[in-house]
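Before any comments, here is the structure.
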Amino acid sequence: MWVKTMRAFALAVLLSGFAHAQEGEGGGAARPRTPSASPDARKFIAPTDQIVVIRAARMFDARSGKMVPNPVIVVRGDRIAEVGGTAPSGATVIDLGSATLLPGMIDGHVHLNLNQPLPPARRALIALANAQVDLEAGFTTVLDMDSRGGFNTVEIRDAINAGMFLGPRMQVVGQSINQRATAIYPDTQSLRYYEGFTENKNVNSPWLARAAVREAKLHGVDWIKIYTTQDFVGPVHMWRENATLVNSPSLTLEEVEAIVDEAHRLGLKVACHTYGGEGMRSCLSAGVDSPNHLLELDDSGVKMLLQKKLFFVPTIDDLISLEKPDLRETGGRNSRLKLMEQAFKRALAAGVTIVFGSGATSPTIPHGRQADQFRYFVKWGMTPTQALQTAFLPAARMLNYGWEGQIGSIEKGKFADIIAVAGNPLDDVTEMERVKFVMKGGLVVRNDLGAR
């Protein structure tokens, strides 16, 4: 009932026109925009004077990778005040019994929207619903990697920050800023079907690329997203006859370098979708902050990742959904998931920093289920401890604005983003797929452990 009430409230807020009513300077930094709202509407921020104590059988220390027995966590307002000690008098105590406490998980690659022919308000509602599902699954922070045709994730992010409705912490890219397609554009110009380049931003030179970054900045985004490999050459889609990826490059190295330089100059970070070839080399050489996929990662690519201290976001969930069609198209010879396994193992062996990012995309890759990615991490060579850590401090370090000091571990002074599972995920990493307790910023989102 509580969750349904919160969702109903969120829908009412958006349907009242909030998504189009806010004006002013954007940005998801430490001081986001605060939408106009009555105090009663700002219900999803923990009271500043609350004192809550959380107890459980064990706590995963994201920094050391060890389990801490019988933790006592004191939360004041939306922050962690103490880890250890005793419960202050007058505190509300939440005793989770035999459960395991962990920091709220961070998903470094989701799509809250798809580019579907739906009214803008409906798209905003879909994005909000997906964000709330991710939060209930224990992902208290998400990085939206392209909202496909609009900037409604900027407004949703700011409304969540203001406490107008429930949702995870968000950093967003808004629209991607380059031409990319998964098939040849149809000849429908006479019908004005396409009125410009993909996402309506011309980046066909370094200077136009810089201008596109500046335009995105004015929409209030936190990140810039680019795509540097296309999936077709002429009539060929994705796979060549020899079962290798097409990987036709899109942006040039000079354009990618201009985008990265301009974004960094403006305080933004850059994420890159790329599978391999020249496009992958351009992203790594230019020093994008979040290289995603990297299916054809080779030794030279690993060397660049290490030299430039870049993060690798493998998005395995994204590729699981593509396994059957890939095997069908290649006659069972190859798939993007097979290539990812090879790339992942190569990066892991070399010591590349791997960050959790699922690629969750409604409806094809369901939101809320992305923790199943941990089992692949372990299957492909990580220890359970290493797998869990990908969703905590490394992910927080990759995010913009120095969020490693705010989230990613259960430590004094950080936001009280805390989750719990019934068992011990170091014994069975699939426990992360069954999160039972979620607190975000001191506010209890769900508690299915029956604790009081």
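A note on labels: chains of the structure tokens are A, B, ... as shown, every chain counts residues from 1, and ligands are counted from 1 in their shown order.
The residues of stretch 160-280 of chain A that DSSP classifies as strand (DSSP E or B), using the backbone of this structure, are Arg169, Met170, Gln171, Val172, Trp223, Ile224, Lys225, Ile226, Tyr227, Thr229, Gln230, Phe232, Val233, Val236, His237, Trp239, Leu245, Ser248, Pro249, Lys269, Val270, Ala271, Cys272, His273 and Thr274 of chain A.
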| request: Excluding A:Thr86 and residues on its chain fewer than 2 positions from it, collect all residues at most 9 Å away from it, counting only C-alpha atoms, and give them as a list in words. | output: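 In the requested format, the answer is Val53, Val72, Ile73, Val74, Gly84 and Pro88 of chain A.
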Just N, CA and C atoms for this one: save the residues we selected as a PDB file, in the first residue's frame.
```
ATOM      1  N   VAL A  53      18.436   4.119  14.327  1.00  0.00           N
ATOM      2  CA  VAL A  53      19.518   3.153  14.525  1.00  0.00           C
ATOM      3  C   VAL A  53      19.171   1.874  13.772  1.00  0.00           C
ATOM      4  N   VAL A  72      26.156  -1.467  14.295  1.00  0.00           N
ATOM      5  CA  VAL A  72      25.163  -0.516  14.791  1.00  0.00           C
ATOM      6  C   VAL A  72      25.389   0.786  14.030  1.00  0.00           C
ATOM      7  N   ILE A  73      24.416   1.174  13.229  1.00  0.00           N
ATOM      8  CA  ILE A  73      24.550   2.372  12.401  1.00  0.00           C
ATOM      9  C   ILE A  73      23.570   3.424  12.899  1.00  0.00           C
ATOM     10  N   VAL A  74      24.082   4.600  13.222  1.00  0.00           N
ATOM     11  CA  VAL A  74      23.249   5.703  13.698  1.00  0.00           C
ATOM     12  C   VAL A  74      23.052   6.688  12.550  1.00  0.00           C
ATOM     13  N   GLY A  84      28.941   2.020  14.573  1.00  0.00           N
ATOM     14  CA  GLY A  84      29.442   1.432  15.806  1.00  0.00           C
ATOM     15  C   GLY A  84      28.900   2.193  17.007  1.00  0.00           C
ATOM     16  N   PRO A  88      21.585   5.951  20.592  1.00  0.00           N
ATOM     17  CA  PRO A  88      21.258   7.113  21.427  1.00  0.00           C
ATOM     18  C   PRO A  88      19.850   6.986  22.000  1.00  0.00           C
TER      19      PRO A  88
END
```
| Contacts of A:Lys414 at 6 Å (only C-alpha atoms; same-chain gap of 4+ positions) as a PyMOL selection string | chain A and resi 79-80+406-407
| said: Need to verify the contact set: stretch 306-323 of chain A, 7 Å, only C-alpha atoms, exclusion of same-chain residues closer than 6 positions in sequence. Can you return it as a VMD selection string? | reply: chain A and resid 287 289 to 293 335 to 337 352 to 360 365 370 373
Emit the selected residues as a PDB file, in the first residue's frame, including C-alpha atoms.
```pdb
ATOM      1  CA  GLY A 287      40.145   9.692 -22.423  1.00  0.00           C
ATOM      2  CA  ASP A 289      35.400   8.969 -18.415  1.00  0.00           C
ATOM      3  CA  SER A 290      33.149   5.952 -18.871  1.00  0.00           C
ATOM      4  CA  PRO A 291      33.958   3.597 -21.761  1.00  0.00           C
ATOM      5  CA  ASN A 292      31.000   1.233 -22.158  1.00  0.00           C
ATOM      6  CA  HIS A 293      30.813  -2.258 -23.729  1.00  0.00           C
ATOM      7  CA  SER A 335      27.459 -13.262 -29.916  1.00  0.00           C
ATOM      8  CA  ARG A 336      28.088 -10.004 -28.123  1.00  0.00           C
ATOM      9  CA  LEU A 337      27.857 -11.839 -24.802  1.00  0.00           C
ATOM     10  CA  VAL A 352      41.361  -2.600 -14.992  1.00  0.00           C
ATOM     11  CA  THR A 353      38.776  -0.941 -12.707  1.00  0.00           C
ATOM     12  CA  ILE A 354      35.400  -2.465 -13.574  1.00  0.00           C
ATOM     13  CA  VAL A 355      32.214  -0.577 -12.663  1.00  0.00           C
ATOM     14  CA  PHE A 356      28.739  -2.058 -12.373  1.00  0.00           C
ATOM     15  CA  GLY A 357      26.478  -0.931 -15.214  1.00  0.00           C
ATOM     16  CA  SER A 358      23.595  -3.058 -16.420  1.00  0.00           C
ATOM     17  CA  GLY A 359      22.192  -1.391 -19.519  1.00  0.00           C
ATOM     18  CA  ALA A 360      18.677  -1.803 -18.098  1.00  0.00           C
ATOM     19  CA  ILE A 365      15.903  -5.334 -20.305  1.00  0.00           C
ATOM     20  CA  GLN A 370      19.925  -5.935 -12.960  1.00  0.00           C
ATOM     21  CA  GLN A 373      24.781  -9.329 -13.369  1.00  0.00           C
TER      22      GLN A 373
END
```
| request: From the DSSP assignment of the backbone, select every residue of stretch 171-314 of chain A that is helix (DSSP H, G or I), and format the answer as a PyMOL selection string. | output: chain A and resi 189-191+198-200+206-218+253-265+277-286+299-307
| task | Go through A:Ala271, A:Val75, A:Leu399, A:Arg157 and flag the residue nearest A:Met145, using only C-alpha atoms for the distances. | result | A:Ala271
| query | So what do you get for atom CA of A:Glu255 versus atom CA of A:Glu215, distance-wise? | reply |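 Computing the Euclidean distance for atom CA of A:Glu255 and atom CA of A:Glu215 yields 15.8 Å.
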| said: Nearest residue to A:Asn204 out of A:Ser176, A:Leu251, A:Ser300, A:Pro168, using only C-alpha atoms? | reply: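 Between A:Ser176, A:Leu251, A:Ser300, A:Pro168, the residue approaching A:Asn204 most closely is A:Leu251.
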| query | Interatomic distance between atom CA of A:Glu278 and atom CA of A:Ala258? | reply | 16.5 Å
| Nearby residues (only C-alpha atoms) at most 10 Å from A:Phe151, same-chain spacing under 4 positions excluded, as a list in words |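 The neighbour list is Ala19, Ala124, Asp146, Ser147, Glu155, Ile156, Val172, Val173, Gly174, Gln175, Ala216, His219, Gly220 and Val221 of chain A.
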| Residue nearest A:Leu245 - candidates A:Gln389, A:Thr330, A:Ser205, A:Asn447, atoms counted: only C-alpha atoms |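 Answer, going by the shortest atom-to-atom distance: A:Thr330.
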| Pick from A:Ala391, A:Met280, A:Ala286, A:Val421: nearest to A:Val438, with only C-alpha atoms counted? |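 Ranking A:Ala391, A:Met280, A:Ala286, A:Val421 by distance to A:Val438, first place goes to A:Val421.
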